[in-house]
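Data file: input.cif. Format and content: mmCIF, C-alpha atoms and all ligand atoms.
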data_protein
#
loop_
_atom_site.label_atom_id
_atom_site.label_comp_id
_atom_site.auth_asym_id
_atom_site.auth_seq_id
_atom_site.Cartn_x
_atom_site.Cartn_y
_atom_site.Cartn_z
CA MET A 1 0.00 0.00 0.00
CA LEU A 2 1.37 3.41 -1.00
CA TYR A 3 0.91 6.52 1.15
CA PRO A 4 0.12 9.90 -0.47
CA THR A 5 3.35 11.33 0.97
CA GLN A 6 5.39 8.57 -0.74
CA LEU A 7 3.65 9.32 -4.04
CA ASN A 8 4.20 13.06 -3.69
CA THR A 9 7.90 12.62 -2.92
CA GLU A 10 8.33 10.24 -5.86
CA THR A 11 6.44 12.60 -8.19
CA GLU A 12 8.73 15.44 -7.13
CA ARG A 13 11.84 13.30 -7.62
CA LEU A 14 10.75 12.36 -11.13
CA TYR A 15 9.59 15.85 -12.07
CA GLU A 16 12.90 17.39 -11.02
CA LYS A 17 14.59 15.54 -13.93
CA LEU A 18 11.79 14.86 -16.41
CA HIS A 19 10.42 18.42 -16.67
CA ARG A 20 13.67 19.23 -18.50
CA VAL A 21 12.42 17.14 -21.43
CA GLY A 22 8.83 18.35 -21.33
CA TRP A 23 7.15 16.02 -18.83
CA SER A 24 4.36 17.60 -16.74
CA GLU A 25 3.82 17.00 -13.02
CA GLN A 26 0.70 14.99 -13.93
CA ASP A 27 2.77 12.74 -16.24
CA CYS A 28 5.18 12.09 -13.36
CA GLU A 29 2.31 11.45 -10.95
CA LEU A 30 0.99 8.77 -13.30
CA ILE A 31 4.23 6.78 -13.37
CA ALA A 32 5.20 7.31 -9.71
CA PRO A 33 3.44 4.11 -8.44
CA LEU A 34 5.29 2.10 -11.08
CA THR A 35 8.74 3.52 -10.34
CA LEU A 36 8.19 3.10 -6.59
CA GLU A 37 7.23 -0.54 -7.01
CA ILE A 38 10.13 -1.27 -9.36
CA ASN A 39 12.65 0.37 -7.04
CA GLN A 40 11.27 -1.59 -4.07
CA LEU A 41 11.43 -4.89 -5.99
CA LYS A 42 15.03 -4.16 -6.99
CA LYS A 43 16.00 -4.00 -3.31
CA GLU A 44 14.06 -7.13 -2.38
CA LYS A 45 15.56 -9.16 -5.21
CA ASN A 46 19.07 -7.70 -5.13
CA ALA A 47 18.62 -6.64 -8.76
CA ILE A 48 20.31 -3.91 -10.76
CA ILE A 49 18.80 -2.12 -13.78
CA LEU A 50 21.24 -1.25 -16.55
CA ALA A 51 19.82 1.07 -19.20
CA HIS A 52 21.20 2.24 -22.52
CA SER A 53 21.11 5.97 -23.20
CA TYR A 54 18.51 5.38 -25.95
CA GLN A 55 15.89 4.36 -23.38
CA THR A 56 13.01 6.70 -22.52
CA PRO A 57 13.60 9.31 -19.76
CA ASP A 58 11.14 7.65 -17.33
CA ILE A 59 13.34 4.53 -17.41
CA MET A 60 16.65 6.41 -17.38
CA TYR A 61 15.77 8.70 -14.47
CA GLY A 62 13.00 6.73 -12.77
CA VAL A 63 14.49 3.28 -12.24
CA ALA A 64 17.91 2.78 -13.86
CA ASP A 65 20.92 2.25 -11.58
CA PHE A 66 23.40 2.83 -14.36
CA LEU A 67 23.19 4.53 -17.77
CA GLY A 68 25.77 4.05 -20.47
CA ASP A 69 26.89 3.09 -23.92
CA SER A 70 27.23 -0.54 -24.90
CA TYR A 71 30.83 -0.77 -23.64
CA ALA A 72 30.24 0.82 -20.23
CA LEU A 73 27.12 -1.32 -19.75
CA SER A 74 29.08 -4.48 -20.58
CA LEU A 75 31.74 -3.63 -17.99
CA LYS A 76 29.09 -2.87 -15.40
CA ALA A 77 27.35 -6.19 -16.09
CA LYS A 78 30.65 -8.04 -15.74
CA GLU A 79 31.47 -6.41 -12.39
CA THR A 80 28.13 -6.36 -10.62
CA ASN A 81 27.47 -8.26 -7.38
CA ALA A 82 23.71 -8.11 -7.87
CA ASP A 83 21.93 -11.47 -8.26
CA THR A 84 19.79 -10.24 -11.14
CA ILE A 85 20.61 -7.88 -14.00
CA VAL A 86 17.62 -6.28 -15.71
CA PHE A 87 18.93 -5.08 -19.05
CA SER A 88 16.80 -2.25 -20.32
CA SER A 89 18.00 -2.27 -23.91
CA VAL A 90 18.12 -4.40 -27.02
CA HIS A 91 18.70 -8.14 -26.82
CA PHE A 92 22.33 -8.33 -27.97
CA MET A 93 23.38 -6.16 -25.01
CA ALA A 94 21.59 -8.45 -22.54
CA GLU A 95 23.22 -11.48 -24.18
CA THR A 96 26.58 -9.78 -23.72
CA ALA A 97 25.83 -9.35 -20.01
CA LYS A 98 25.00 -13.06 -19.73
CA ILE A 99 28.23 -14.03 -21.52
CA LEU A 100 30.36 -11.81 -19.28
CA ASN A 101 28.64 -12.79 -16.03
CA PRO A 102 26.98 -16.16 -16.70
CA THR A 103 26.06 -17.08 -13.13
CA LYS A 104 23.68 -14.10 -12.87
CA THR A 105 20.06 -14.07 -13.90
CA VAL A 106 19.82 -11.66 -16.83
CA LEU A 107 16.35 -10.37 -17.67
CA VAL A 108 15.11 -8.46 -20.70
CA PRO A 109 11.89 -6.49 -20.21
CA ALA A 110 11.01 -6.94 -23.91
CA VAL A 111 12.68 -9.01 -26.59
CA ALA A 112 14.01 -6.28 -28.88
CA GLY A 113 16.22 -6.89 -31.92
CA CYS A 114 18.50 -4.57 -33.87
CA SER A 115 18.84 -4.25 -37.65
CA LEU A 116 22.62 -4.65 -37.41
CA ALA A 117 22.44 -7.79 -35.24
CA GLU A 118 19.88 -9.24 -37.65
CA GLY A 119 22.05 -8.37 -40.63
CA ILE A 120 24.61 -11.17 -40.30
CA THR A 121 24.62 -14.83 -39.20
CA ALA A 122 27.31 -17.10 -37.79
CA GLU A 123 27.30 -18.96 -41.14
CA ASP A 124 28.02 -15.67 -42.98
CA VAL A 125 31.03 -15.17 -40.70
CA ARG A 126 32.31 -18.69 -41.35
CA GLN A 127 32.10 -18.03 -45.11
CA LEU A 128 33.92 -14.71 -44.80
CA LYS A 129 36.68 -16.40 -42.80
CA ALA A 130 37.02 -19.09 -45.48
CA GLU A 131 37.30 -16.37 -48.17
CA HIS A 132 39.93 -14.37 -46.19
CA PRO A 133 41.86 -16.97 -44.16
CA LYS A 134 44.70 -14.59 -43.21
CA ALA A 135 42.45 -11.81 -41.87
CA GLY A 136 41.65 -11.16 -38.22
CA VAL A 137 37.94 -10.96 -37.45
CA VAL A 138 36.41 -8.16 -35.40
CA CYS A 139 32.67 -7.86 -34.90
CA TYR A 140 30.73 -4.92 -33.60
CA ILE A 141 28.93 -5.64 -30.33
CA ASN A 142 25.62 -5.20 -32.20
CA THR A 143 25.63 -8.89 -33.17
CA THR A 144 24.12 -12.09 -31.82
CA ALA A 145 26.01 -14.30 -29.36
CA ASP A 146 26.41 -16.90 -32.15
CA VAL A 147 28.27 -14.35 -34.29
CA LYS A 148 30.46 -13.28 -31.35
CA ALA A 149 31.37 -16.94 -30.87
CA GLU A 150 32.92 -16.98 -34.39
CA VAL A 151 35.21 -13.94 -34.18
CA ASP A 152 38.60 -13.03 -32.69
CA ALA A 153 37.47 -9.87 -30.94
CA VAL A 154 34.36 -7.79 -30.35
CA CYS A 155 34.35 -3.98 -30.38
CA THR A 156 31.96 -1.16 -29.66
CA SER A 157 31.73 2.26 -31.27
CA SER A 158 33.82 3.70 -28.43
CA ASN A 159 36.78 1.33 -28.89
CA ALA A 160 36.59 0.01 -32.48
CA LEU A 161 39.79 1.70 -33.62
CA LYS A 162 41.77 0.51 -30.57
CA VAL A 163 40.59 -3.06 -31.13
CA ILE A 164 41.43 -2.97 -34.85
CA GLU A 165 44.88 -1.52 -34.15
CA GLY A 166 45.50 -4.07 -31.38
CA MET A 167 44.93 -7.05 -33.66
CA PRO A 168 48.11 -8.75 -34.97
CA GLN A 169 46.83 -8.99 -38.59
CA ASP A 170 47.09 -6.23 -41.23
CA GLU A 171 43.83 -7.30 -42.80
CA ILE A 172 40.68 -7.22 -40.66
CA ILE A 173 37.19 -8.50 -41.42
CA PHE A 174 35.08 -5.83 -39.76
CA ILE A 175 31.42 -6.81 -39.46
CA PRO A 176 28.53 -6.16 -39.79
CA ASP A 177 28.14 -2.35 -40.01
CA GLU A 178 28.91 -1.17 -43.54
CA PHE A 179 28.99 2.52 -42.61
CA MET A 180 31.08 2.13 -39.46
CA CYS A 181 33.61 0.13 -41.48
CA LYS A 182 33.78 2.90 -44.09
CA ASN A 183 34.10 5.55 -41.37
CA LEU A 184 36.98 3.68 -39.73
CA GLN A 185 38.92 2.88 -42.90
CA PRO A 186 40.53 6.36 -43.26
CA LEU A 187 41.66 6.20 -39.61
CA THR A 188 43.76 3.04 -39.94
CA GLN A 189 46.55 1.70 -42.18
CA LYS A 190 44.99 -1.78 -41.99
CA LYS A 191 42.77 -3.09 -44.77
CA LEU A 192 39.19 -3.50 -43.56
CA ILE A 193 36.90 -6.03 -45.20
CA GLY A 194 33.29 -5.04 -44.53
CA TRP A 195 29.76 -6.38 -44.67
CA THR A 196 26.48 -4.79 -45.74
CA ALA A 197 24.31 -4.41 -42.62
CA ARG A 198 23.10 -0.97 -41.55
CA CYS A 199 21.45 0.65 -38.60
CA ILE A 200 17.95 1.58 -39.77
CA VAL A 201 17.95 4.56 -37.42
CA HIS A 202 21.26 6.18 -38.35
CA GLU A 203 20.91 5.54 -42.07
CA GLU A 204 17.92 7.92 -42.02
CA PHE A 205 20.16 10.98 -41.70
CA SER A 206 21.40 12.61 -44.91
CA PRO A 207 24.14 15.18 -45.61
CA GLU A 208 21.41 17.54 -46.84
CA THR A 209 19.74 17.51 -43.41
CA ILE A 210 23.04 18.42 -41.78
CA LYS A 211 23.60 21.28 -44.25
CA GLU A 212 20.12 22.64 -43.51
CA ILE A 213 20.76 22.51 -39.75
CA ARG A 214 24.06 24.36 -40.28
CA LYS A 215 22.19 27.13 -42.12
CA GLU A 216 19.52 27.37 -39.45
CA TYR A 217 21.87 27.08 -36.45
CA PRO A 218 25.28 28.29 -37.65
CA LYS A 219 26.77 28.21 -34.15
CA ALA A 220 25.65 24.67 -33.28
CA LYS A 221 28.25 21.91 -32.89
CA ILE A 222 27.07 18.83 -34.76
CA LEU A 223 27.97 15.39 -33.37
CA ALA A 224 27.16 12.11 -35.12
CA HIS A 225 27.24 8.43 -34.21
CA SER A 226 29.74 6.36 -36.19
CA GLU A 227 26.85 4.23 -37.54
CA CYS A 228 25.92 7.17 -39.83
CA ASN A 229 26.62 7.28 -43.55
CA PRO A 230 30.21 8.54 -44.27
CA GLN A 231 28.68 11.40 -46.30
CA VAL A 232 26.96 12.55 -43.12
CA ILE A 233 30.17 12.13 -41.10
CA ASN A 234 31.92 14.40 -43.64
CA GLU A 235 29.58 17.24 -42.70
CA VAL A 236 29.78 17.05 -38.90
CA ASP A 237 32.15 18.34 -36.20
CA MET A 238 32.63 15.09 -34.32
CA MET A 239 32.02 11.36 -34.79
CA GLY A 240 31.74 9.03 -31.80
CA SER A 241 29.83 6.63 -29.59
CA THR A 242 26.88 7.74 -27.49
CA SER A 243 29.11 8.25 -24.42
CA GLN A 244 31.70 10.17 -26.43
CA MET A 245 28.93 12.52 -27.60
CA ILE A 246 27.73 12.98 -24.00
CA ASP A 247 31.28 13.78 -22.87
CA TYR A 248 31.77 16.22 -25.74
CA VAL A 249 28.71 18.23 -24.73
CA LYS A 250 29.65 18.13 -21.03
CA THR A 251 33.20 19.30 -21.59
CA THR A 252 32.63 22.00 -24.22
CA ASP A 253 30.94 25.32 -23.81
CA GLU A 254 28.70 25.90 -26.80
CA GLU A 255 25.11 27.07 -26.54
CA GLU A 256 23.72 24.70 -29.17
CA TYR A 257 24.40 21.13 -30.24
CA MET A 258 22.82 18.75 -32.70
CA LEU A 259 23.08 15.03 -31.94
CA VAL A 260 22.79 12.97 -35.10
CA THR A 261 21.53 9.84 -33.41
CA GLU A 262 18.62 8.25 -31.55
CA CYS A 263 16.25 10.54 -29.62
CA GLY A 264 16.99 8.98 -26.21
CA LEU A 265 20.45 10.50 -26.33
CA SER A 266 19.08 13.98 -27.00
CA ASP A 267 16.73 13.51 -24.01
CA ARG A 268 19.64 12.42 -21.80
CA VAL A 269 21.95 15.24 -22.88
CA GLN A 270 19.17 17.82 -22.50
CA THR A 271 18.32 16.53 -19.01
CA GLU A 272 21.94 16.57 -17.85
CA ASN A 273 23.07 19.84 -19.42
CA GLN A 274 20.86 22.71 -18.38
CA GLY A 275 21.58 25.91 -20.27
CA LYS A 276 22.73 24.04 -23.39
CA LYS A 277 20.22 23.56 -26.18
CA ILE A 278 19.79 20.49 -28.38
CA VAL A 279 18.66 21.58 -31.85
CA GLY A 280 17.58 19.79 -35.04
CA SER A 281 15.93 16.42 -35.24
CA CYS A 282 16.69 12.97 -33.90
CA ALA A 283 15.43 9.51 -34.92
CA MET A 284 13.60 6.86 -32.88
CA CYS A 285 14.87 3.29 -32.67
CA PRO A 286 11.78 1.06 -32.78
CA TYR A 287 13.70 -1.71 -31.01
CA MET A 288 14.99 0.39 -28.12
CA LYS A 289 11.58 1.98 -27.69
CA LYS A 290 9.86 -1.39 -27.29
CA ILE A 291 10.77 -1.37 -23.60
CA MET A 292 8.41 0.31 -21.16
CA LEU A 293 8.25 0.66 -17.38
CA LYS A 294 5.44 -1.87 -17.17
CA ASP A 295 7.67 -4.49 -18.86
CA ILE A 296 10.42 -3.84 -16.32
CA LEU A 297 7.93 -4.29 -13.49
CA GLU A 298 6.57 -7.50 -15.02
CA CYS A 299 9.96 -9.13 -15.49
CA LEU A 300 11.08 -8.22 -11.98
CA LYS A 301 7.89 -9.58 -10.44
CA SER A 302 7.75 -12.84 -12.32
CA PRO A 303 9.68 -13.15 -15.58
CA ARG A 304 8.12 -14.96 -18.52
CA PRO A 305 10.47 -17.54 -20.16
CA GLU A 306 11.31 -15.21 -23.05
CA GLN A 307 12.36 -12.49 -20.58
CA ILE A 308 15.14 -14.69 -19.16
CA VAL A 309 18.32 -14.66 -21.25
CA LYS A 310 19.56 -18.20 -21.87
CA LEU A 311 22.50 -19.22 -24.05
CA PRO A 312 24.15 -22.58 -24.75
CA GLU A 313 27.29 -23.14 -22.63
CA ILE A 314 29.51 -23.56 -25.70
CA VAL A 315 28.36 -20.20 -27.13
CA ILE A 316 29.07 -18.51 -23.79
CA GLN A 317 32.55 -20.02 -23.70
CA LYS A 318 33.47 -19.04 -27.27
CA ALA A 319 31.86 -15.59 -27.23
CA SER A 320 33.41 -14.72 -23.87
CA ARG A 321 36.88 -15.10 -25.45
CA SER A 322 36.12 -12.46 -28.08
CA LEU A 323 34.50 -10.14 -25.51
CA GLU A 324 37.43 -10.51 -23.11
CA LYS A 325 39.76 -9.73 -26.03
CA MET A 326 37.88 -6.47 -26.53
CA ILE A 327 38.27 -5.57 -22.85
CA GLU A 328 42.00 -6.38 -23.00
CA LEU A 329 42.57 -4.27 -26.13
CA ALA A 330 40.29 -1.39 -25.12
CA SER A 331 41.65 -0.82 -21.64
P1 LIG B 401 26.87 2.91 -28.33
O1 LIG B 401 27.81 1.84 -27.91
O2 LIG B 401 27.55 4.11 -28.90
O3 LIG B 401 25.96 3.28 -27.19
O4 LIG B 401 25.98 2.36 -29.53
C1 LIG B 401 25.03 1.37 -29.42
C2 LIG B 401 24.00 1.46 -30.47
O5 LIG B 401 23.18 0.58 -30.64
C3 LIG B 401 23.99 2.62 -31.31
O6 LIG B 401 22.97 2.55 -32.24
FE1 LIG B 402 20.38 -1.28 -33.56
FE2 LIG B 402 20.37 1.10 -34.73
FE3 LIG B 402 18.62 0.59 -32.80
FE4 LIG B 402 21.25 0.88 -32.20
S1 LIG B 402 19.86 2.43 -33.00
S2 LIG B 402 19.88 -0.70 -31.47
S3 LIG B 402 22.16 -0.03 -34.04
S4 LIG B 402 18.74 -0.41 -34.83
#

With the file now loaded, output its structure as structure tokens.
Amino acid sequence: MLYPTQLNTETERLYEKLHRVGWSEQDCELIAPLTLEINQLKKEKNAIILAHSYQTPDIMYGVADFLGDSYALSLKAKETNADTIVFSSVHFMAETAKILNPTKTVLVPAVAGCSLAEGITAEDVRQLKAEHPKAGVVCYINTTADVKAEVDAVCTSSNALKVIEGMPQDEIIFIPDEFMCKNLQPLTQKKLIGWTARCIVHEEFSPETIKEIRKEYPKAKILAHSECNPQVINEVDMMGSTSQMIDYVKTTDEEEYMLVTECGLSDRVQTENQGKKIVGSCAMCPYMKKIMLKDILECLKSPRPEQIVKLPEIVIQKASRSLEKMIELAS
């Protein structure tokens, strides 16, 4: 049973953050019973909620214990002492948590894919390896556990170049993101062999949009995720991972920024940087936005079978080698 004072305090706590991205007090009042129950269940079950920065603000500021990019979230999952990890993000990130910390219960509030992870199979990787037997194989973390089990090292957008440079081979199969591969090629002497998968969110942005934003907001710094088309990257001031974009805004002193990425990041940056304005448009990831507070509550209360991440032992063993390689090369 919830007391009115508890609800008022929770509404105030939520409103303090969420009003910065347009939430009203009434909106916060509506979700307060949910966030209170989730936060209570977390304590009772010794659970931690890890959320990607593309999640909605009610999740990020209402119930998440840790926000981050895919690399920071992986490290957090590996280190946690909690019994249960609720991964509020797409499925490949939750699988990664299970691989790095297999004795924990890893829960996904909703089973959410990713166009990059769906864009390549383990069989495709085996064929590529047969075609280029001398090449090292690096896969982006946005892949299934089966694909990670086939490669030499995993990388994320924040450490891709370090991982590529740390590999002993001069030729690297870099999969599956076509655009990220093209964006990295000019930054390394190694020959990168790519694949053709794309992020359906980042491929929406065009160089024309960036030029229009420049005209409208000539003082704005424009930052783009490395999953964008190289023609878009040519037009912007900085390319990076979600966390690198957050750090850029925090540590620079401009009045206006455009974030060429998913809308959750604009919400996060706007919430955490009062006085700085996010301009232009963002794009919604239909996979990331599948997850809602009610799903988090449901899986914490009593997870359905599909909300519990399960992987074959052999896949965990093989994929953990390539993930540990990333951690070794990135740190
Ligand atoms: P980050 O590792 O930069 O958070 O990227 C993950 C992702 O899915 C971007 O679309
Ligand atoms: Fe996948 Fe793109 Fe969504 Fe990231 S934004 S989860 S890469 S579809």

Quiz item: Lys290 (chain A): which residues within 10 Å, counting only C-alpha atoms, same-chain residues fewer than 2 positions away excluded, as a VMD selection string?
Solution: chain A and resid 55 to 56 88 to 90 109 to 113 285 to 288 292 295

Self-check item: Shell of 9 Å around ligand LIG 402 (chain B) (all atoms listed in the file), written as JSON, numbers by chain
Solution: {"A": [54, 89, 90, 91, 92, 112, 113, 114, 115, 116, 117, 118, 142, 177, 198, 199, 200, 201, 202, 203, 227, 261, 262, 283, 284, 285, 286, 287, 288, 289]}

Once you have the residues from the selection above, write them out as a compact mmCIF listing (two decimals), in the frame of the given file, restricted to C-alpha atoms.
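Contents of the output file selection28.txt:
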# COMPACT_ATOMS: atom_id res chain seq x y z
CA TYR A 54 18.51 5.38 -25.95
CA SER A 89 18.00 -2.27 -23.91
CA VAL A 90 18.12 -4.40 -27.02
CA HIS A 91 18.70 -8.14 -26.82
CA PHE A 92 22.33 -8.33 -27.97
CA ALA A 112 14.01 -6.28 -28.88
CA GLY A 113 16.22 -6.89 -31.92
CA CYS A 114 18.50 -4.57 -33.87
CA SER A 115 18.84 -4.25 -37.65
CA LEU A 116 22.62 -4.65 -37.41
CA ALA A 117 22.44 -7.79 -35.24
CA GLU A 118 19.88 -9.24 -37.65
CA ASN A 142 25.62 -5.20 -32.20
CA ASP A 177 28.14 -2.35 -40.01
CA ARG A 198 23.10 -0.97 -41.55
CA CYS A 199 21.45 0.65 -38.60
CA ILE A 200 17.95 1.58 -39.77
CA VAL A 201 17.95 4.56 -37.42
CA HIS A 202 21.26 6.18 -38.35
CA GLU A 203 20.91 5.54 -42.07
CA GLU A 227 26.85 4.23 -37.54
CA THR A 261 21.53 9.84 -33.41
CA GLU A 262 18.62 8.25 -31.55
CA ALA A 283 15.43 9.51 -34.92
CA MET A 284 13.60 6.86 -32.88
CA CYS A 285 14.87 3.29 -32.67
CA PRO A 286 11.78 1.06 -32.78
CA TYR A 287 13.70 -1.71 -31.01
CA MET A 288 14.99 0.39 -28.12
CA LYS A 289 11.58 1.98 -27.69

Quiz item: Residues at most 6 Å from ligand LIG 401 (chain B), using only C-alpha atoms and all ligand atoms? Could they come as a PyMOL selection string?
Solution: chain A and resi 69-71+156-157+241-242

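Among the candidates A:Pro133, A:Pro303, A:Gly264, A:Gly62, the residue lying nearest to Thr35 (chain A) is A:Gly62 (atoms considered: all atoms listed in the file).
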
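Compared by their closest atoms to Ala145 (chain A), and using only C-alpha atoms, the residues A:Leu329, A:Leu107, A:Met180, A:Leu311 rank with A:Leu311 nearest.
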